[in-house]
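Student: One structure is given below, represented as structure tokens, and several questions about it will come after.
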Amino acid sequence: MGQQYDKQFFQRVYEAKAWYGDSGRGRCPATRLLPHYLPYLKSPILDMGCGRGDLVFKLRKMGYECDGIDFVDLDNGMFVGSILEPIVRNYKTMVCIDVLEHIEVGLEHLVFENFQKSEGQIFSVHNGPAMHGGKDIHINKKSFSEWGQRVGQFLSIDKIIKIHQHQQLFITHAKKQKTRR
């Protein structure tokens, strides 16, 4: 099991590294990948692990109803909370770009359970190294086939887009609940 990085760790990273997650510097994968998943978005949208909120601000300018949640508090108008806790508001689409690899192994199912509450989900996994202070902050690495199997336990996969050798984008939808007779 990888080392768990807590709220304080990422709070310090965001505060100390002005470039971290900044779309203006090309450092926000959610905005960079937007052309790949824009056709699949339906309002209202929740950006899970929104960081600086750049995707939320961009989508709002485009006319989408969009919220963001992250456990770092950047005083940017985003919800502060954990994506491992139940999401109570209804969203048609949940977006979660390059976040799952930061979730402690064995806890990713909590994110998938939240995903199941929306019609559609768009998320990416980055399996390459992300070094900070000499340590890889991508603590939940699985092969893409393992990620696909894990995702398939909770969601129906519509499309997988290979961004590059270390990153894949998943377009999924909630599985229909079986009705009991």
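Chain labels A, B, ... are given in the sequence in which chains occur in the structure tokens; within each chain residues are numbered consecutively from 1, and ligands are likewise numbered from 1 in the order shown.
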Report as a tab-separated table the residues of region 75-154 of chain A within 8 Å of region 41-52 of chain A, each with its shortest atom pair and distance in Å (one decimal), using only C-alpha atoms, ordered by chain and increasing residue number.

Tutor:
residue	atom	partner	partner_atom	distance
A:Asn76	CA	A:Arg52	CA	7.0
A:Met78	CA	A:Cys50	CA	7.9
A:Ile83	CA	A:Met48	CA	6.3
A:Asn90	CA	A:Pro44	CA	7.9
A:Tyr91	CA	A:Pro44	CA	5.1
A:Lys92	CA	A:Pro44	CA	5.6
A:Thr93	CA	A:Ile45	CA	4.8
A:Met94	CA	A:Leu46	CA	4.8
A:Val95	CA	A:Asp47	CA	4.7
A:Cys96	CA	A:Met48	CA	4.9
A:Ile97	CA	A:Gly49	CA	7.6
A:Val99	CA	A:Gly49	CA	6.3
A:Gly120	CA	A:Leu41	CA	7.9

Student: Would you write out those residues with C-alpha atoms, as an mmCIF file, in the first residue's frame?

Tutor:
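Generated file (out09.cif):
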data_model
loop_
_atom_site.group_PDB
_atom_site.id
_atom_site.type_symbol
_atom_site.label_atom_id
_atom_site.label_comp_id
_atom_site.auth_asym_id
_atom_site.auth_seq_id
_atom_site.Cartn_x
_atom_site.Cartn_y
_atom_site.Cartn_z
ATOM 1 C CA ASN A 76 -11.884 30.034 -4.494
ATOM 2 C CA MET A 78 -15.323 25.620 -4.379
ATOM 3 C CA ILE A 83 -14.712 12.983 -2.469
ATOM 4 C CA ASN A 90 -27.691 15.386 -7.626
ATOM 5 C CA TYR A 91 -25.413 15.900 -10.615
ATOM 6 C CA LYS A 92 -25.918 14.562 -14.122
ATOM 7 C CA THR A 93 -22.163 14.387 -14.771
ATOM 8 C CA MET A 94 -19.248 13.909 -12.412
ATOM 9 C CA VAL A 95 -15.754 14.741 -13.638
ATOM 10 C CA CYS A 96 -12.611 13.565 -11.843
ATOM 11 C CA ILE A 97 -9.415 14.168 -13.785
ATOM 12 C CA VAL A 99 -7.275 12.254 -9.000
ATOM 13 C CA GLY A 120 -22.434 9.999 -16.538
#

Student: So that I can check the surroundings of Asn127 (chain A), please list as JSON, numbers by chain every protein, DNA and RNA residue that reaches within 10 Å of it, counting only C-alpha atoms and ignoring chain neighbours fewer than 4 positions away.

Tutor: {"A": [98, 100, 101, 138, 139, 140, 141, 142, 143, 144, 165, 166, 167, 168]}

Student: Please provide as a ChimeraX atom specification all residues within 10 Å of Val151 (chain A), with the sequence filter that same-chain residues fewer than 2 positions apart are discarded (counting only C-alpha atoms).

Tutor: /A:108-109,112,145-149,153-157,170,172

Student: Could you write those residues out with N, CA, C and O atoms, as a compact mmCIF listing (two decimals), in the first residue's frame?

Tutor:
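Result file follows (result_17.txt):
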# COMPACT_ATOMS: atom_id res chain seq x y z
N GLU A 108 -10.59 3.64 -3.40
CA GLU A 108 -11.14 4.19 -4.63
C GLU A 108 -12.60 3.81 -4.83
O GLU A 108 -13.34 4.52 -5.50
N HIS A 109 -13.05 2.71 -4.22
CA HIS A 109 -14.46 2.32 -4.35
C HIS A 109 -15.40 3.40 -3.81
O HIS A 109 -16.53 3.53 -4.28
N PHE A 112 -16.05 5.66 -6.68
CA PHE A 112 -16.94 4.99 -7.63
C PHE A 112 -18.37 4.94 -7.12
O PHE A 112 -19.32 5.07 -7.90
N SER A 145 -5.51 -2.10 -17.50
CA SER A 145 -6.47 -3.21 -17.51
C SER A 145 -7.04 -3.43 -16.11
O SER A 145 -8.23 -3.71 -15.96
N GLU A 146 -6.21 -3.29 -15.08
CA GLU A 146 -6.71 -3.40 -13.70
C GLU A 146 -7.70 -2.28 -13.39
O GLU A 146 -8.74 -2.51 -12.75
N TRP A 147 -7.38 -1.06 -13.81
CA TRP A 147 -8.32 0.05 -13.60
C TRP A 147 -9.63 -0.25 -14.31
O TRP A 147 -10.71 -0.03 -13.76
N GLY A 148 -9.56 -0.74 -15.53
CA GLY A 148 -10.77 -1.05 -16.28
C GLY A 148 -11.63 -2.09 -15.56
O GLY A 148 -12.85 -1.96 -15.50
N GLN A 149 -10.98 -3.12 -15.01
CA GLN A 149 -11.73 -4.14 -14.26
C GLN A 149 -12.36 -3.53 -13.02
O GLN A 149 -13.52 -3.83 -12.70
N GLN A 153 -16.65 -2.89 -12.15
CA GLN A 153 -17.41 -3.39 -11.01
C GLN A 153 -18.51 -2.42 -10.60
O GLN A 153 -19.48 -2.83 -9.97
N PHE A 154 -18.36 -1.15 -10.96
CA PHE A 154 -19.28 -0.12 -10.51
C PHE A 154 -20.02 0.60 -11.63
O PHE A 154 -21.13 1.07 -11.44
N LEU A 155 -19.38 0.70 -12.80
CA LEU A 155 -19.90 1.53 -13.88
C LEU A 155 -19.83 0.79 -15.20
O LEU A 155 -19.06 -0.16 -15.35
N SER A 156 -20.61 1.25 -16.17
CA SER A 156 -20.52 0.73 -17.53
C SER A 156 -19.59 1.64 -18.32
O SER A 156 -19.79 2.87 -18.34
N ILE A 157 -18.60 1.06 -18.95
CA ILE A 157 -17.62 1.84 -19.70
C ILE A 157 -18.12 2.04 -21.12
O ILE A 157 -18.37 1.08 -21.85
N PHE A 170 -11.60 7.85 -19.12
CA PHE A 170 -12.75 6.95 -19.12
C PHE A 170 -14.03 7.76 -19.25
O PHE A 170 -14.23 8.73 -18.52
N THR A 172 -17.93 6.95 -18.84
CA THR A 172 -18.75 5.86 -18.30
C THR A 172 -20.16 6.36 -17.99
O THR A 172 -20.44 7.55 -18.04

Student: Enumerate as a PyMOL selection string all residues of region 28-180 of chain A assigned to alpha helix (DSSP H) by DSSP on the backbone, naming them with the chain letters and numbers the document uses.

Tutor: chain A and resi 29-32+34-37+54-61+108-115+144-152

Student: With N, CA, C and O atoms kept, could you save the residues just selected as a compact mmCIF listing (two decimals), in the first residue's frame?

Tutor:
# COMPACT_ATOMS: atom_id res chain seq x y z
N PRO A 29 -4.87 19.39 -15.94
CA PRO A 29 -5.26 18.36 -16.90
C PRO A 29 -6.76 18.38 -17.22
O PRO A 29 -7.15 18.01 -18.32
N ALA A 30 -7.59 18.82 -16.28
CA ALA A 30 -9.04 18.84 -16.54
C ALA A 30 -9.38 19.79 -17.68
O ALA A 30 -10.23 19.47 -18.52
N THR A 31 -8.74 20.95 -17.74
CA THR A 31 -9.02 21.88 -18.85
C THR A 31 -8.28 21.45 -20.11
O THR A 31 -8.80 21.60 -21.21
N ARG A 32 -7.10 20.88 -19.96
CA ARG A 32 -6.34 20.43 -21.12
C ARG A 32 -7.06 19.29 -21.85
O ARG A 32 -7.04 19.22 -23.08
N LEU A 34 -10.33 18.74 -21.79
CA LEU A 34 -11.72 19.10 -22.06
C LEU A 34 -12.17 18.81 -23.50
O LEU A 34 -13.27 18.28 -23.68
N PRO A 35 -11.40 19.08 -24.53
CA PRO A 35 -11.86 18.77 -25.89
C PRO A 35 -12.21 17.28 -26.09
O PRO A 35 -13.06 16.95 -26.90
N HIS A 36 -11.57 16.39 -25.32
CA HIS A 36 -11.85 14.96 -25.43
C HIS A 36 -13.20 14.57 -24.84
O HIS A 36 -13.80 13.59 -25.27
N TYR A 37 -13.66 15.31 -23.83
CA TYR A 37 -14.88 14.88 -23.14
C TYR A 37 -16.01 15.89 -23.15
O TYR A 37 -17.11 15.60 -22.68
N ASP A 54 -10.21 25.65 -11.93
CA ASP A 54 -10.12 26.18 -13.30
C ASP A 54 -11.15 25.57 -14.24
O ASP A 54 -11.75 26.28 -15.05
N LEU A 55 -11.40 24.26 -14.15
CA LEU A 55 -12.40 23.63 -15.01
C LEU A 55 -13.79 24.18 -14.68
O LEU A 55 -14.57 24.48 -15.58
N VAL A 56 -14.09 24.31 -13.40
CA VAL A 56 -15.40 24.83 -12.98
C VAL A 56 -15.62 26.22 -13.56
O VAL A 56 -16.67 26.49 -14.16
N PHE A 57 -14.64 27.09 -13.42
CA PHE A 57 -14.77 28.46 -13.95
C PHE A 57 -14.94 28.45 -15.46
O PHE A 57 -15.78 29.18 -16.01
N LYS A 58 -14.18 27.61 -16.15
CA LYS A 58 -14.28 27.53 -17.62
C LYS A 58 -15.66 27.04 -18.06
O LYS A 58 -16.27 27.61 -18.97
N LEU A 59 -16.15 25.98 -17.41
CA LEU A 59 -17.46 25.44 -17.79
C LEU A 59 -18.58 26.42 -17.48
O LEU A 59 -19.54 26.54 -18.25
N ARG A 60 -18.47 27.14 -16.38
CA ARG A 60 -19.48 28.16 -16.07
C ARG A 60 -19.52 29.24 -17.15
O ARG A 60 -20.59 29.67 -17.56
N LYS A 61 -18.34 29.66 -17.62
CA LYS A 61 -18.27 30.65 -18.71
C LYS A 61 -18.91 30.12 -19.98
O LYS A 61 -19.42 30.87 -20.79
N GLU A 108 -10.59 3.64 -3.40
CA GLU A 108 -11.14 4.19 -4.63
C GLU A 108 -12.60 3.81 -4.83
O GLU A 108 -13.34 4.52 -5.50
N HIS A 109 -13.05 2.71 -4.22
CA HIS A 109 -14.46 2.32 -4.35
C HIS A 109 -15.40 3.40 -3.81
O HIS A 109 -16.53 3.53 -4.28
N LEU A 110 -14.94 4.19 -2.86
CA LEU A 110 -15.77 5.27 -2.33
C LEU A 110 -16.05 6.34 -3.39
O LEU A 110 -17.15 6.90 -3.46
N VAL A 111 -15.06 6.60 -4.24
CA VAL A 111 -15.26 7.54 -5.35
C VAL A 111 -16.23 6.93 -6.36
O VAL A 111 -17.15 7.60 -6.83
N PHE A 112 -16.05 5.66 -6.68
CA PHE A 112 -16.94 4.99 -7.63
C PHE A 112 -18.37 4.94 -7.12
O PHE A 112 -19.32 5.07 -7.90
N GLU A 113 -18.55 4.77 -5.82
CA GLU A 113 -19.90 4.79 -5.25
C GLU A 113 -20.54 6.16 -5.42
O GLU A 113 -21.73 6.27 -5.69
N ASN A 114 -19.75 7.22 -5.28
CA ASN A 114 -20.27 8.56 -5.56
C ASN A 114 -20.59 8.71 -7.04
O ASN A 114 -21.62 9.27 -7.40
N PHE A 115 -19.71 8.21 -7.89
CA PHE A 115 -19.96 8.27 -9.34
C PHE A 115 -21.30 7.66 -9.70
O PHE A 115 -22.01 8.15 -10.58
N PHE A 144 -3.66 -0.24 -16.64
CA PHE A 144 -4.92 0.24 -17.19
C PHE A 144 -5.95 -0.88 -17.27
O PHE A 144 -7.14 -0.64 -17.10
N SER A 145 -5.51 -2.10 -17.50
CA SER A 145 -6.47 -3.21 -17.51
C SER A 145 -7.04 -3.43 -16.11
O SER A 145 -8.23 -3.71 -15.96
N GLU A 146 -6.21 -3.29 -15.08
CA GLU A 146 -6.71 -3.40 -13.70
C GLU A 146 -7.70 -2.28 -13.39
O GLU A 146 -8.74 -2.51 -12.75
N TRP A 147 -7.38 -1.06 -13.81
CA TRP A 147 -8.32 0.05 -13.60
C TRP A 147 -9.63 -0.25 -14.31
O TRP A 147 -10.71 -0.03 -13.76
N GLY A 148 -9.56 -0.74 -15.53
CA GLY A 148 -10.77 -1.05 -16.28
C GLY A 148 -11.63 -2.09 -15.56
O GLY A 148 -12.85 -1.96 -15.50
N GLN A 149 -10.98 -3.12 -15.01
CA GLN A 149 -11.73 -4.14 -14.26
C GLN A 149 -12.36 -3.53 -13.02
O GLN A 149 -13.52 -3.83 -12.70
N ARG A 150 -11.62 -2.69 -12.31
CA ARG A 150 -12.14 -2.06 -11.09
C ARG A 150 -13.32 -1.15 -11.44
O ARG A 150 -14.35 -1.19 -10.77
N VAL A 151 -13.16 -0.35 -12.47
CA VAL A 151 -14.24 0.54 -12.90
C VAL A 151 -15.48 -0.27 -13.27
O VAL A 151 -16.60 0.07 -12.89
N GLY A 152 -15.28 -1.36 -14.00
CA GLY A 152 -16.38 -2.19 -14.46
C GLY A 152 -17.20 -2.81 -13.35
O GLY A 152 -18.34 -3.24 -13.56

Student: Which of chain A counts as strand (DSSP E) under DSSP, as a VMD selection string please?

Tutor: chain A and resid 45 to 48 66 to 70 79 to 80 93 to 96 120 to 126 131 to 132 135 to 136 155 to 164 167 to 174
